[in-house]
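K.L.:
Contents are mmCIF, C-alpha atoms; file name upload-v3.cif:
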```cif
data_query
loop_
_atom_site.label_atom_id
_atom_site.label_comp_id
_atom_site.auth_asym_id
_atom_site.auth_seq_id
_atom_site.Cartn_x
_atom_site.Cartn_y
_atom_site.Cartn_z
CA MET A 1 -31.26 -40.38 -77.40
CA HIS A 2 -28.47 -42.23 -79.12
CA SER A 3 -30.96 -43.95 -81.39
CA LEU A 4 -32.01 -44.66 -84.94
CA TYR A 5 -35.15 -42.57 -85.04
CA LYS A 6 -37.96 -41.14 -82.99
CA PHE A 7 -41.62 -41.03 -83.93
CA CYS A 8 -43.24 -40.25 -80.56
CA LEU A 9 -44.00 -38.82 -77.64
CA SER A 10 -42.04 -32.46 -74.32
CA ILE A 11 -21.81 -18.42 -68.48
CA LEU A 12 -19.97 -16.48 -67.66
CA PRO A 13 -20.08 -12.74 -68.32
CA LEU A 14 -17.17 -11.71 -70.51
CA THR A 15 -13.96 -11.70 -68.48
CA ILE A 16 -10.22 -11.73 -69.08
CA ARG A 17 -8.32 -14.43 -67.24
CA VAL A 18 -4.62 -15.08 -67.02
CA GLY A 19 -3.71 -17.84 -69.45
CA ALA A 20 -7.12 -17.75 -71.14
CA ARG A 21 -7.98 -16.52 -74.59
CA TYR A 22 -9.85 -13.25 -74.90
CA HIS A 23 -13.24 -13.53 -76.59
CA ALA A 24 -14.45 -10.32 -78.14
CA PRO A 25 -18.18 -9.67 -77.74
CA SER A 26 -20.19 -11.31 -80.51
CA PRO A 27 -23.76 -12.32 -81.25
CA TYR A 28 -22.72 -15.86 -80.35
CA SER A 29 -21.99 -15.29 -76.66
CA ARG A 30 -23.36 -18.16 -74.58
CA THR A 31 -26.27 -16.27 -73.08
CA THR A 32 -27.59 -12.82 -72.34
CA ALA A 33 -28.27 -11.53 -68.82
CA LYS A 34 -31.93 -12.52 -68.95
CA THR A 35 -34.02 -13.68 -66.00
CA TYR A 36 -36.43 -16.41 -67.06
CA SER A 37 -39.94 -17.00 -65.76
CA ILE A 38 -41.92 -20.23 -65.45
CA LYS A 39 -44.00 -21.36 -68.39
CA ASP A 40 -44.70 -24.95 -67.34
CA PHE A 41 -43.89 -26.60 -64.01
CA TYR A 42 -44.53 -30.25 -63.18
CA SER A 43 -44.05 -31.59 -59.66
CA GLY A 44 -45.87 -34.07 -57.43
CA GLU A 45 -49.62 -33.93 -57.94
CA ASP A 46 -49.22 -31.53 -60.84
CA PHE A 47 -46.67 -33.56 -62.76
CA PHE A 48 -49.26 -34.76 -65.24
CA ASN A 49 -51.80 -32.00 -64.88
CA GLY A 50 -53.48 -33.93 -62.11
CA GLY A 51 -50.48 -36.01 -61.26
CA ASN A 52 -49.34 -39.45 -62.29
CA VAL A 53 -46.69 -41.41 -60.48
CA ILE A 54 -45.16 -44.41 -62.15
CA PHE A 55 -44.09 -47.42 -60.14
CA GLN A 56 -44.22 -51.16 -60.46
CA SER A 57 -45.93 -52.09 -57.19
CA LYS A 58 -47.30 -50.55 -54.05
CA SER A 59 -45.02 -52.57 -51.76
CA ASP A 60 -41.89 -51.63 -53.71
CA ALA A 61 -42.83 -47.96 -53.54
CA GLN A 62 -43.41 -48.16 -49.81
CA ASP A 63 -40.13 -49.99 -49.28
CA LYS A 64 -38.32 -47.04 -50.83
CA GLY A 65 -40.30 -44.51 -48.81
CA LEU A 66 -42.11 -43.25 -51.90
CA ALA A 67 -45.77 -42.52 -52.44
CA TYR A 68 -48.17 -44.77 -54.29
CA VAL A 69 -51.94 -44.73 -54.80
CA ASN A 70 -54.31 -46.59 -57.07
CA SER A 71 -54.24 -46.37 -60.84
CA THR A 72 -56.05 -43.61 -62.65
CA SER A 73 -56.73 -42.63 -66.23
CA ASP A 74 -56.85 -39.08 -67.53
CA ASN A 75 -56.90 -38.48 -71.26
CA ASP A 76 -56.48 -34.74 -70.76
CA ASN A 77 -53.05 -34.96 -69.13
CA ASP A 78 -50.31 -32.69 -70.43
CA ASN A 79 -48.00 -35.70 -70.64
CA ASP A 80 -48.57 -38.97 -72.48
CA ASN A 81 -47.70 -42.49 -71.41
CA ASP A 82 -46.20 -44.15 -74.47
CA ASN A 83 -47.04 -47.84 -74.73
CA ASP A 84 -45.81 -48.27 -78.31
CA ASN A 85 -42.75 -50.22 -79.29
CA ASP A 86 -39.63 -48.18 -78.65
CA ASN A 87 -37.57 -47.33 -81.71
CA ASP A 88 -34.33 -47.93 -79.83
CA ASN A 89 -35.23 -51.64 -80.03
CA GLY A 90 -35.16 -52.03 -76.26
CA SER A 91 -37.77 -53.60 -74.02
CA ASP A 92 -39.50 -50.47 -72.75
CA THR A 93 -42.88 -51.05 -74.32
CA ASN A 94 -45.12 -50.65 -71.28
CA ILE A 95 -45.39 -48.62 -68.10
CA TYR A 96 -47.37 -48.64 -64.88
CA SER A 97 -49.30 -45.50 -64.09
CA SER A 98 -50.94 -44.24 -60.93
CA SER A 99 -51.84 -40.89 -59.46
CA SER A 100 -49.48 -38.96 -57.23
CA SER A 101 -49.60 -38.85 -53.44
CA SER A 102 -50.73 -35.67 -51.72
CA SER A 103 -47.84 -36.00 -49.27
CA SER A 104 -44.96 -36.44 -51.71
CA SER A 105 -43.53 -34.15 -54.36
CA LEU A 106 -41.62 -36.99 -56.01
CA THR A 107 -42.67 -38.46 -59.31
CA VAL A 108 -41.26 -41.94 -59.81
CA PHE A 109 -40.69 -43.88 -63.04
CA ALA A 110 -39.48 -47.43 -62.49
CA ILE A 111 -38.58 -50.52 -64.45
CA ASP A 112 -40.56 -53.59 -63.35
CA SER A 113 -38.44 -55.29 -60.68
CA THR A 114 -40.90 -57.99 -59.61
CA SER A 115 -42.04 -59.98 -62.65
CA THR A 116 -40.46 -63.14 -63.99
CA VAL A 117 -39.36 -62.70 -67.61
CA ALA A 118 -37.76 -65.27 -69.91
CA ALA A 119 -34.27 -64.58 -71.20
CA GLY A 120 -34.63 -62.50 -74.34
CA GLY A 121 -38.13 -61.42 -73.33
CA SER A 122 -39.51 -57.96 -72.61
CA ARG A 123 -39.61 -56.37 -69.17
CA ASP A 124 -41.94 -53.44 -68.47
CA ALA A 125 -40.09 -50.15 -68.32
CA VAL A 126 -40.77 -46.45 -68.69
CA ARG A 127 -41.32 -43.80 -71.32
CA ILE A 128 -43.19 -40.53 -70.78
CA THR A 129 -43.60 -37.62 -73.21
CA SER A 130 -45.05 -34.14 -73.03
CA GLN A 131 -47.94 -33.20 -75.28
CA LYS A 132 -46.69 -29.61 -75.39
CA SER A 133 -43.89 -28.70 -77.77
CA TYR A 134 -41.29 -25.94 -77.55
CA THR A 135 -38.88 -24.06 -79.79
CA GLY A 136 -36.52 -22.59 -77.24
CA GLY A 137 -36.40 -21.88 -73.52
CA LEU A 138 -34.75 -23.09 -70.34
CA PHE A 139 -35.52 -26.75 -69.58
CA VAL A 140 -34.78 -28.02 -66.06
CA MET A 141 -35.02 -31.40 -64.34
CA ASP A 142 -34.43 -31.78 -60.60
CA ALA A 143 -34.05 -35.46 -59.70
CA SER A 144 -33.09 -37.28 -56.51
CA LYS A 145 -32.42 -40.61 -58.21
CA MET A 146 -31.86 -41.98 -61.70
CA PRO A 147 -31.87 -45.59 -62.93
CA VAL A 148 -28.56 -47.45 -62.54
CA GLY A 149 -27.04 -50.78 -63.49
CA CYS A 150 -26.00 -52.91 -66.42
CA SER A 151 -28.56 -53.06 -69.29
CA THR A 152 -30.17 -49.72 -68.31
CA TRP A 153 -30.26 -46.71 -70.63
CA PRO A 154 -31.86 -43.73 -68.83
CA SER A 155 -32.37 -40.42 -70.61
CA PHE A 156 -34.04 -37.01 -70.47
CA TRP A 157 -34.28 -35.44 -73.92
CA THR A 158 -36.29 -33.37 -76.36
CA VAL A 159 -37.21 -34.28 -79.93
CA GLY A 160 -38.80 -32.56 -82.90
CA PRO A 161 -41.02 -33.89 -85.70
CA ASP A 162 -39.90 -36.16 -88.54
CA TRP A 163 -36.65 -37.31 -86.93
CA PRO A 164 -33.93 -36.28 -87.61
CA TYR A 165 -35.15 -33.15 -89.41
CA GLY A 166 -36.73 -31.50 -86.37
CA GLY A 167 -33.65 -32.34 -84.32
CA GLU A 168 -33.01 -34.05 -81.00
CA ILE A 169 -31.35 -32.77 -77.82
CA ASP A 170 -30.13 -35.33 -75.28
CA ILE A 171 -29.75 -33.57 -71.94
CA VAL A 172 -29.18 -36.65 -69.78
CA GLU A 173 -28.07 -39.96 -71.26
CA GLY A 174 -25.82 -42.92 -70.59
CA ILE A 175 -25.72 -46.70 -70.49
CA ASN A 176 -24.81 -49.63 -68.25
CA ASP A 177 -22.16 -48.62 -65.70
CA GLN A 178 -21.25 -45.31 -67.37
CA THR A 179 -20.04 -42.81 -64.75
CA LYS A 180 -20.53 -39.44 -66.47
CA ASN A 181 -23.42 -37.85 -68.32
CA GLN A 182 -23.29 -37.67 -72.11
CA MET A 183 -24.97 -34.69 -73.81
CA THR A 184 -25.74 -34.90 -77.53
CA LEU A 185 -27.36 -32.98 -80.37
CA HIS A 186 -28.75 -34.67 -83.48
CA SER A 187 -29.48 -32.58 -86.59
CA GLY A 188 -30.90 -33.78 -89.87
CA THR A 189 -30.81 -30.97 -92.43
CA SER A 190 -28.09 -29.88 -94.85
CA ASN A 191 -27.64 -26.74 -92.73
CA ALA A 192 -24.43 -27.28 -90.80
CA CYS A 193 -24.46 -28.10 -87.10
CA THR A 194 -21.18 -28.87 -85.38
CA ILE A 195 -19.49 -28.24 -82.04
CA ASP A 196 -17.17 -25.24 -82.14
CA THR A 197 -13.99 -26.99 -81.03
CA ASP A 198 -12.00 -23.76 -81.54
CA ASP A 199 -13.79 -22.30 -78.51
CA SER A 200 -13.30 -25.22 -76.14
CA ASP A 201 -13.11 -22.91 -73.12
CA GLU A 202 -16.81 -22.19 -73.69
CA TYR A 203 -17.64 -25.56 -72.07
CA THR A 204 -16.05 -27.75 -69.41
CA GLY A 205 -16.82 -31.16 -70.94
CA THR A 206 -14.89 -33.33 -73.38
CA VAL A 207 -15.97 -33.49 -77.03
CA LEU A 208 -16.64 -37.06 -78.16
CA ALA A 209 -17.88 -36.24 -81.68
CA SER A 210 -18.23 -32.82 -83.29
CA ASN A 211 -20.59 -33.35 -86.27
CA CYS A 212 -24.26 -33.31 -85.26
CA TYR A 213 -25.63 -34.53 -88.59
CA SER A 214 -27.56 -37.77 -88.08
CA THR A 215 -29.25 -40.34 -90.29
CA GLU A 216 -30.95 -43.67 -89.63
CA SER A 217 -27.70 -45.49 -90.40
CA SER A 218 -25.31 -42.99 -88.77
CA ASP A 219 -26.90 -41.53 -85.66
CA ALA A 220 -24.12 -40.74 -83.18
CA GLY A 221 -24.64 -36.97 -83.33
CA CYS A 222 -22.29 -34.49 -81.65
CA SER A 223 -21.58 -35.35 -78.04
CA ILE A 224 -19.90 -33.79 -75.03
CA MET A 225 -19.09 -35.80 -71.89
CA ASP A 226 -19.60 -34.04 -68.56
CA PRO A 227 -16.36 -34.01 -66.50
CA ASP A 228 -18.16 -34.63 -63.19
CA THR A 229 -18.77 -38.16 -61.89
CA THR A 230 -21.74 -36.87 -59.89
CA SER A 231 -23.53 -36.16 -63.18
CA PHE A 232 -24.67 -39.72 -63.83
CA ALA A 233 -25.72 -43.06 -62.32
CA TYR A 234 -24.28 -44.10 -58.95
CA GLY A 235 -22.27 -40.90 -58.52
CA PHE A 236 -25.40 -38.83 -59.13
CA ASN A 237 -27.49 -40.88 -56.71
CA ASN A 238 -24.83 -40.95 -54.00
CA ALA A 239 -24.64 -37.15 -54.14
CA GLY A 240 -28.37 -36.84 -53.46
CA GLY A 241 -29.13 -36.17 -57.10
CA GLY A 242 -29.13 -32.69 -58.56
CA VAL A 243 -30.26 -30.52 -61.45
CA PHE A 244 -29.81 -30.73 -65.21
CA ALA A 245 -30.53 -27.65 -67.31
CA LEU A 246 -30.68 -26.93 -71.04
CA LEU A 247 -30.75 -23.32 -72.23
CA TRP A 248 -31.97 -23.32 -75.82
CA ASP A 249 -31.40 -19.87 -77.33
CA ASN A 250 -31.88 -19.71 -81.10
CA SER A 251 -29.61 -16.68 -81.43
CA THR A 252 -26.68 -17.93 -79.33
CA GLY A 253 -26.83 -21.73 -79.16
CA MET A 254 -27.46 -24.59 -76.76
CA SER A 255 -25.95 -24.64 -73.24
CA MET A 256 -26.23 -27.50 -70.73
CA TRP A 257 -25.35 -27.58 -67.03
CA HIS A 258 -25.33 -30.15 -64.28
CA PHE A 259 -25.45 -29.00 -60.64
CA ALA A 260 -24.93 -31.36 -57.72
CA ARG A 261 -27.53 -30.99 -54.96
CA SER A 262 -25.29 -28.70 -52.88
CA ASP A 263 -24.45 -26.47 -55.88
CA ILE A 264 -27.90 -25.66 -57.28
CA PRO A 265 -28.02 -21.89 -58.00
CA SER A 266 -30.20 -19.95 -55.58
CA ASP A 267 -31.93 -18.09 -58.42
CA LEU A 268 -33.09 -21.43 -59.82
CA THR A 269 -34.35 -22.51 -56.40
CA ASP A 270 -36.20 -19.17 -56.26
CA GLN A 271 -37.71 -19.90 -59.70
CA ALA A 272 -36.16 -16.76 -61.20
CA PRO A 273 -33.15 -18.25 -63.04
CA THR A 274 -30.53 -16.06 -64.71
CA PRO A 275 -28.26 -18.55 -66.52
CA SER A 276 -25.66 -15.89 -67.35
CA THR A 277 -24.61 -16.09 -63.68
CA TRP A 278 -24.18 -19.87 -63.64
CA GLY A 279 -20.64 -20.09 -64.96
CA THR A 280 -19.29 -22.15 -67.84
CA PRO A 281 -21.71 -24.90 -68.88
CA SER A 282 -20.72 -28.53 -69.19
CA GLY A 283 -21.68 -28.44 -72.86
CA PHE A 284 -22.14 -25.64 -75.39
CA TRP A 285 -23.17 -25.77 -79.06
CA SER A 286 -22.64 -22.33 -80.56
CA ALA A 287 -25.01 -20.82 -83.11
CA LYS A 288 -21.81 -19.76 -84.88
CA THR A 289 -21.23 -23.34 -86.05
CA CYS A 290 -24.75 -24.78 -85.73
CA ASP A 291 -27.86 -23.49 -87.49
CA ILE A 292 -30.11 -23.74 -84.44
CA THR A 293 -33.30 -22.39 -85.99
CA ASP A 294 -33.38 -24.71 -89.00
CA ASN A 295 -32.24 -27.84 -87.18
CA PHE A 296 -34.29 -27.69 -83.95
CA TYR A 297 -37.98 -26.85 -83.61
CA ASP A 298 -41.27 -28.01 -82.06
CA HIS A 299 -39.67 -30.27 -79.46
CA GLN A 300 -41.47 -32.47 -76.95
CA MET A 301 -39.80 -33.48 -73.69
CA VAL A 302 -39.16 -37.16 -73.07
CA ILE A 303 -38.10 -39.08 -69.96
CA ASP A 304 -37.46 -42.78 -70.39
CA THR A 305 -35.42 -45.82 -69.45
CA THR A 306 -34.66 -48.35 -72.15
CA ILE A 307 -33.49 -51.87 -71.27
CA CYS A 308 -30.65 -53.08 -73.49
CA GLY A 309 -31.57 -51.62 -76.88
CA ASN A 310 -29.17 -50.70 -79.68
CA TRP A 311 -26.75 -48.75 -77.51
CA ALA A 312 -26.81 -50.36 -74.04
CA GLY A 313 -27.11 -53.82 -75.56
CA GLY A 314 -24.56 -53.21 -78.28
CA ALA A 315 -21.96 -51.89 -75.83
CA TYR A 316 -22.86 -54.28 -73.02
CA SER A 317 -19.66 -56.34 -72.85
CA GLN A 318 -17.44 -53.31 -73.51
CA SER A 319 -19.06 -51.62 -70.50
CA GLY A 320 -17.67 -54.23 -68.12
CA CYS A 321 -21.04 -55.94 -67.66
CA SER A 322 -21.05 -59.70 -67.17
CA GLY A 323 -23.01 -62.25 -69.15
CA LYS A 324 -25.45 -61.16 -71.85
CA CYS A 325 -27.81 -58.20 -71.79
CA THR A 326 -30.77 -60.45 -72.63
CA ASP A 327 -29.98 -62.64 -69.64
CA MET A 328 -29.86 -59.60 -67.38
CA VAL A 329 -33.43 -58.72 -68.41
CA ALA A 330 -34.69 -62.05 -67.09
CA ASP A 331 -33.59 -61.36 -63.50
CA ALA A 332 -35.99 -58.92 -61.80
CA SER A 333 -33.59 -58.25 -58.93
CA ASN A 334 -31.24 -56.46 -61.33
CA TYR A 335 -33.76 -53.59 -61.55
CA VAL A 336 -34.46 -52.78 -57.92
CA ASP A 337 -32.55 -49.50 -58.32
CA ALA A 338 -33.61 -48.82 -61.91
CA TYR A 339 -35.96 -45.91 -61.27
CA TRP A 340 -36.21 -42.15 -61.64
CA ALA A 341 -37.28 -40.10 -58.61
CA ILE A 342 -37.98 -36.62 -59.94
CA ASN A 343 -38.68 -33.53 -57.82
CA TYR A 344 -39.78 -31.42 -60.78
CA VAL A 345 -39.46 -30.72 -64.46
CA ALA A 346 -39.83 -27.09 -65.50
CA VAL A 347 -39.76 -24.99 -68.65
CA PHE A 348 -38.83 -21.33 -68.28
CA GLN A 349 -39.10 -18.72 -71.03
#
```
Take the structure in the file and give it back as structure tokens.
P.N.:
Amino acid sequence: MHSLYKFCLSILPLTIRVGARYHAPSPYSRTTAKTYSIKDFYSGEDFFNGGNVIFQSKSDAQDKGLAYVNSTSDNDNDNDNDNDNDNDNGSDTNIYSSSSSSSSSLTVFAIDSTSTVAAGGSRDAVRITSQKSYTGGLFVMDASKMPVGCSTWPSFWTVGPDWPYGGEIDIVEGINDQTKNQMTLHSGTSNACTIDTDDSDEYTGTVLASNCYSTESSDAGCSIMDPDTTSFAYGFNNAGGGVFALLWDNSTGMSMWHFARSDIPSDLTDQAPTPSTWGTPSGFWSAKTCDITDNFYDHQMVIDTTICGNWAGGAYSQSGCSGKCTDMVADASNYVDAYWAINYVAVFQ
């Protein structure tokens, strides 16, 4: 995430095109023609190794046609519910947890949209983290809905130990009424990590910042904005959701894609993905200009929604949102649509 620090918590083949530059084969090609196989797959009842759904109330879940059953506790789950204070300084300190329905494959994480909260107070929100950690692979989220609206800051990301030294990869992130997904890498060592702006035809997005080096006082990282308005918020939801994918290859770099629901590759649907057939990614961080191995390791996956916080709160008025972010928190009705509805999260290797 676009944040100060984290302590917690889990392609074209070479072608020649008219008007395009020729790229000679190199060890830094985006990806090899590898077919990946499932390592971990979370969906419905199995999302938390026994299945936890997160929602604020039974009636609200039923109103949205989503499943809800009584609360459960399982200390052996593969994913942790994080109830600690969030280091983004937003009000996402608590979550509601319940087991998944046998009739629904959706897993839902929602901000509390029923409680009365004083202006400037804290509203219950969502943060979930995998216990397992990874150093490479293909990470995929298929979601039907994501949180929307002023004061919200939804994200799907991975983070290593001792931030920023273990690195951070923001696969899905944005704030307030942002219309396009922002993808970011944060590195913390003296080993260089930048976006290769000389090879801009290796990705379809727009570079916002090219230096990935991050500290507690300067944490913007290196970002690429997806060109597609169906990649975030209302545009994503109105398109029926879709898929986000990160291919983390230590020898070639980091590639990220977004696929609208109608464009999801058939090999991914068949759970035998071959990313080299997926075309140019939205974002690409080449190993030629970023020391992947030294900057990124032992990452846990995180799904969360912060309310206000350093970024969404700090950019609130510039985002076209009315009033104050703290006042928005007090009105529960502002968060009726502030929820994730996730079909699955998978790691392929």
K.L.:
When you count only C-alpha atoms, which of these residues is closest to A:Ala143: A:Asp331, A:Gly283, A:Gly320, A:Ala245?
P.N.:
A:Ala245
K.L.:
Can I get the residues of stretch 145-208 of chain A within 9 Å of stretch 225-238 of chain A, each with the closest pair of atoms and their distance in Å to one decimal, using all atoms listed in the file, sorted chain first then ascending number, as a Markdown table?
P.N.:
```
| residue | atom | partner | partner_atom | distance |
| --- | --- | --- | --- | --- |
| A:Lys145 | CA | A:Asn237 | CA | 5.2 |
| A:Met146 | CA | A:Ala233 | CA | 6.3 |
| A:Pro147 | CA | A:Ala233 | CA | 6.7 |
| A:Val148 | CA | A:Ala233 | CA | 5.2 |
| A:Gly149 | CA | A:Ala233 | CA | 7.9 |
| A:Pro154 | CA | A:Ala233 | CA | 9.0 |
| A:Val172 | CA | A:Phe232 | CA | 8.1 |
| A:Glu173 | CA | A:Phe232 | CA | 8.2 |
| A:Gly174 | CA | A:Phe232 | CA | 7.6 |
| A:Ile175 | CA | A:Ala233 | CA | 8.9 |
| A:Asn176 | CA | A:Ala233 | CA | 8.9 |
| A:Asp177 | CA | A:Ala233 | CA | 7.4 |
| A:Gln178 | CA | A:Ala233 | CA | 7.1 |
| A:Thr179 | CA | A:Thr229 | CA | 5.6 |
| A:Lys180 | CA | A:Phe232 | CA | 4.9 |
| A:Asn181 | CA | A:Phe232 | CA | 5.0 |
| A:Gln182 | CA | A:Met225 | CA | 4.6 |
| A:Met183 | CA | A:Met225 | CA | 6.3 |
| A:Thr184 | CA | A:Met225 | CA | 8.8 |
| A:Thr204 | CA | A:Pro227 | CA | 6.9 |
| A:Gly205 | CA | A:Asp226 | CA | 4.7 |
| A:Thr206 | CA | A:Met225 | CA | 5.1 |
| A:Val207 | CA | A:Met225 | CA | 6.4 |
| A:Leu208 | CA | A:Met225 | CA | 6.8 |
```
K.L.:
For the atom pair atom CA of A:Ser251 and atom CA of A:Trp278, what is the interatomic distance in Å to one decimal place?
P.N.:
18.9 Å
K.L.:
Could you work out how far atom CA of A:Lys34 lies from atom CA of A:Gly279, giving the answer in Å with one decimal?
P.N.:
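That distance, rounded to one decimal, is 14.2 Å.
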K.L.:
Using only C-alpha atoms for the distances, tell me which of A:Thr269, A:Ser113, A:Thr135, A:Thr189 is nearest to A:Ser214.
P.N.:
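So, comparing all the options, the nearest one is A:Thr189.
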K.L.:
Could you check which of A:Trp153, A:Trp163, A:Tyr344, A:Tyr134 is closest to A:Ala312, using all atoms listed in the file?
P.N.:
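Distance minimum relative to A:Ala312 lands on A:Trp153.
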K.L.:
Between atom CA of A:Gln349 and atom CA of A:Ser262, what distance in Å does the model show, to one decimal?
P.N.:
24.9 Å
K.L.:
Please write the residues picked by the PyMOL selection byres ((chain A and resi 327) around 10) on this file as a list in words.
P.N.:
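Given this file, the PyMOL selection byres ((chain A and resi 327) around 10) evaluates to Val117, Ala118, Ala119, Gly120, Gly121, Ser151, Ser322, Gly323, Lys324, Cys325, Thr326, Met328, Val329, Ala330 and Asp331 of chain A.
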K.L.:
Within 10 Å of (-24.7, -15.7, -59.0), in the coordinates the file gives, what residues turn up when you count only C-alpha atoms, written out as number ranges by chain?
P.N.:
A: 12, 265-267, 273-279
K.L.:
Env of stretch 256-259 of chain A: 6 Å cut, atoms = all atoms listed in the file, seq-sep filter 3 positions within chain, self excluded. Answer as a PyMOL selection string.
P.N.:
chain A and resi 242-246+263-264+281-283
K.L.:
Decode the PyMOL selection byres ((chain A and resi 340) around 10) for the given file into explicit residues and return them as number ranges by chain.
P.N.:
A: 54-55, 106-111, 126, 143-148, 154-155, 303-305, 337-339, 341-343
K.L.:
Here is a test: counting only C-alpha atoms, which residue of A:Thr158, A:Thr197, A:Asp270, A:Ala239 is nearest to A:Ser133?
P.N.:
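Checking each candidate against A:Ser133, we get A:Thr158 as the closest.
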K.L.:
Could you name the residues that touch A:Ala346 at 10 Å or less, counting only C-alpha atoms, but leaving out those on the same chain fewer than 4 positions away, as a CSV table (one decimal) with C-alpha atoms, in the coordinates of the input?
P.N.:
```
chain,number,residue,atom,x,y,z
A,38,ILE,CA,-41.9,-20.2,-65.4
A,39,LYS,CA,-44.0,-21.4,-68.4
A,40,ASP,CA,-44.7,-25.0,-67.3
A,41,PHE,CA,-43.9,-26.6,-64.0
A,42,TYR,CA,-44.5,-30.2,-63.2
A,43,SER,CA,-44.0,-31.6,-59.7
A,47,PHE,CA,-46.7,-33.6,-62.8
A,138,LEU,CA,-34.8,-23.1,-70.3
A,139,PHE,CA,-35.5,-26.8,-69.6
A,140,VAL,CA,-34.8,-28.0,-66.1
A,141,MET,CA,-35.0,-31.4,-64.3
A,142,ASP,CA,-34.4,-31.8,-60.6
A,245,ALA,CA,-30.5,-27.6,-67.3
A,271,GLN,CA,-37.7,-19.9,-59.7
```
K.L.:
Do you know which residues are at most 10 Å from A:Asn191 counting all atoms listed in the file, after dropping those on the same chain fewer than 6 positions away, and could you put them as a list in words?
P.N.:
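Selected residues are Tyr213, Thr289, Cys290, Asp291, Ile292, Thr293, Asp294 and Asn295 of chain A.
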K.L.:
Looking at only C-alpha atoms, which of A:Trp285, A:Trp248, A:Asp199, A:Gly166 is the one that sits closest to A:Ser223?
P.N.:
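Using only C-alpha atoms, the shortest distance to A:Ser223 belongs to A:Trp285.
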K.L.:
Expanded to explicit residues, what is the PyMOL selection byres ((chain A and resi 286) around 7) for this file, as an NGL selection string?
P.N.:
:A and (28 or 195-196 or 252-254 or 284-285 or 287-290)
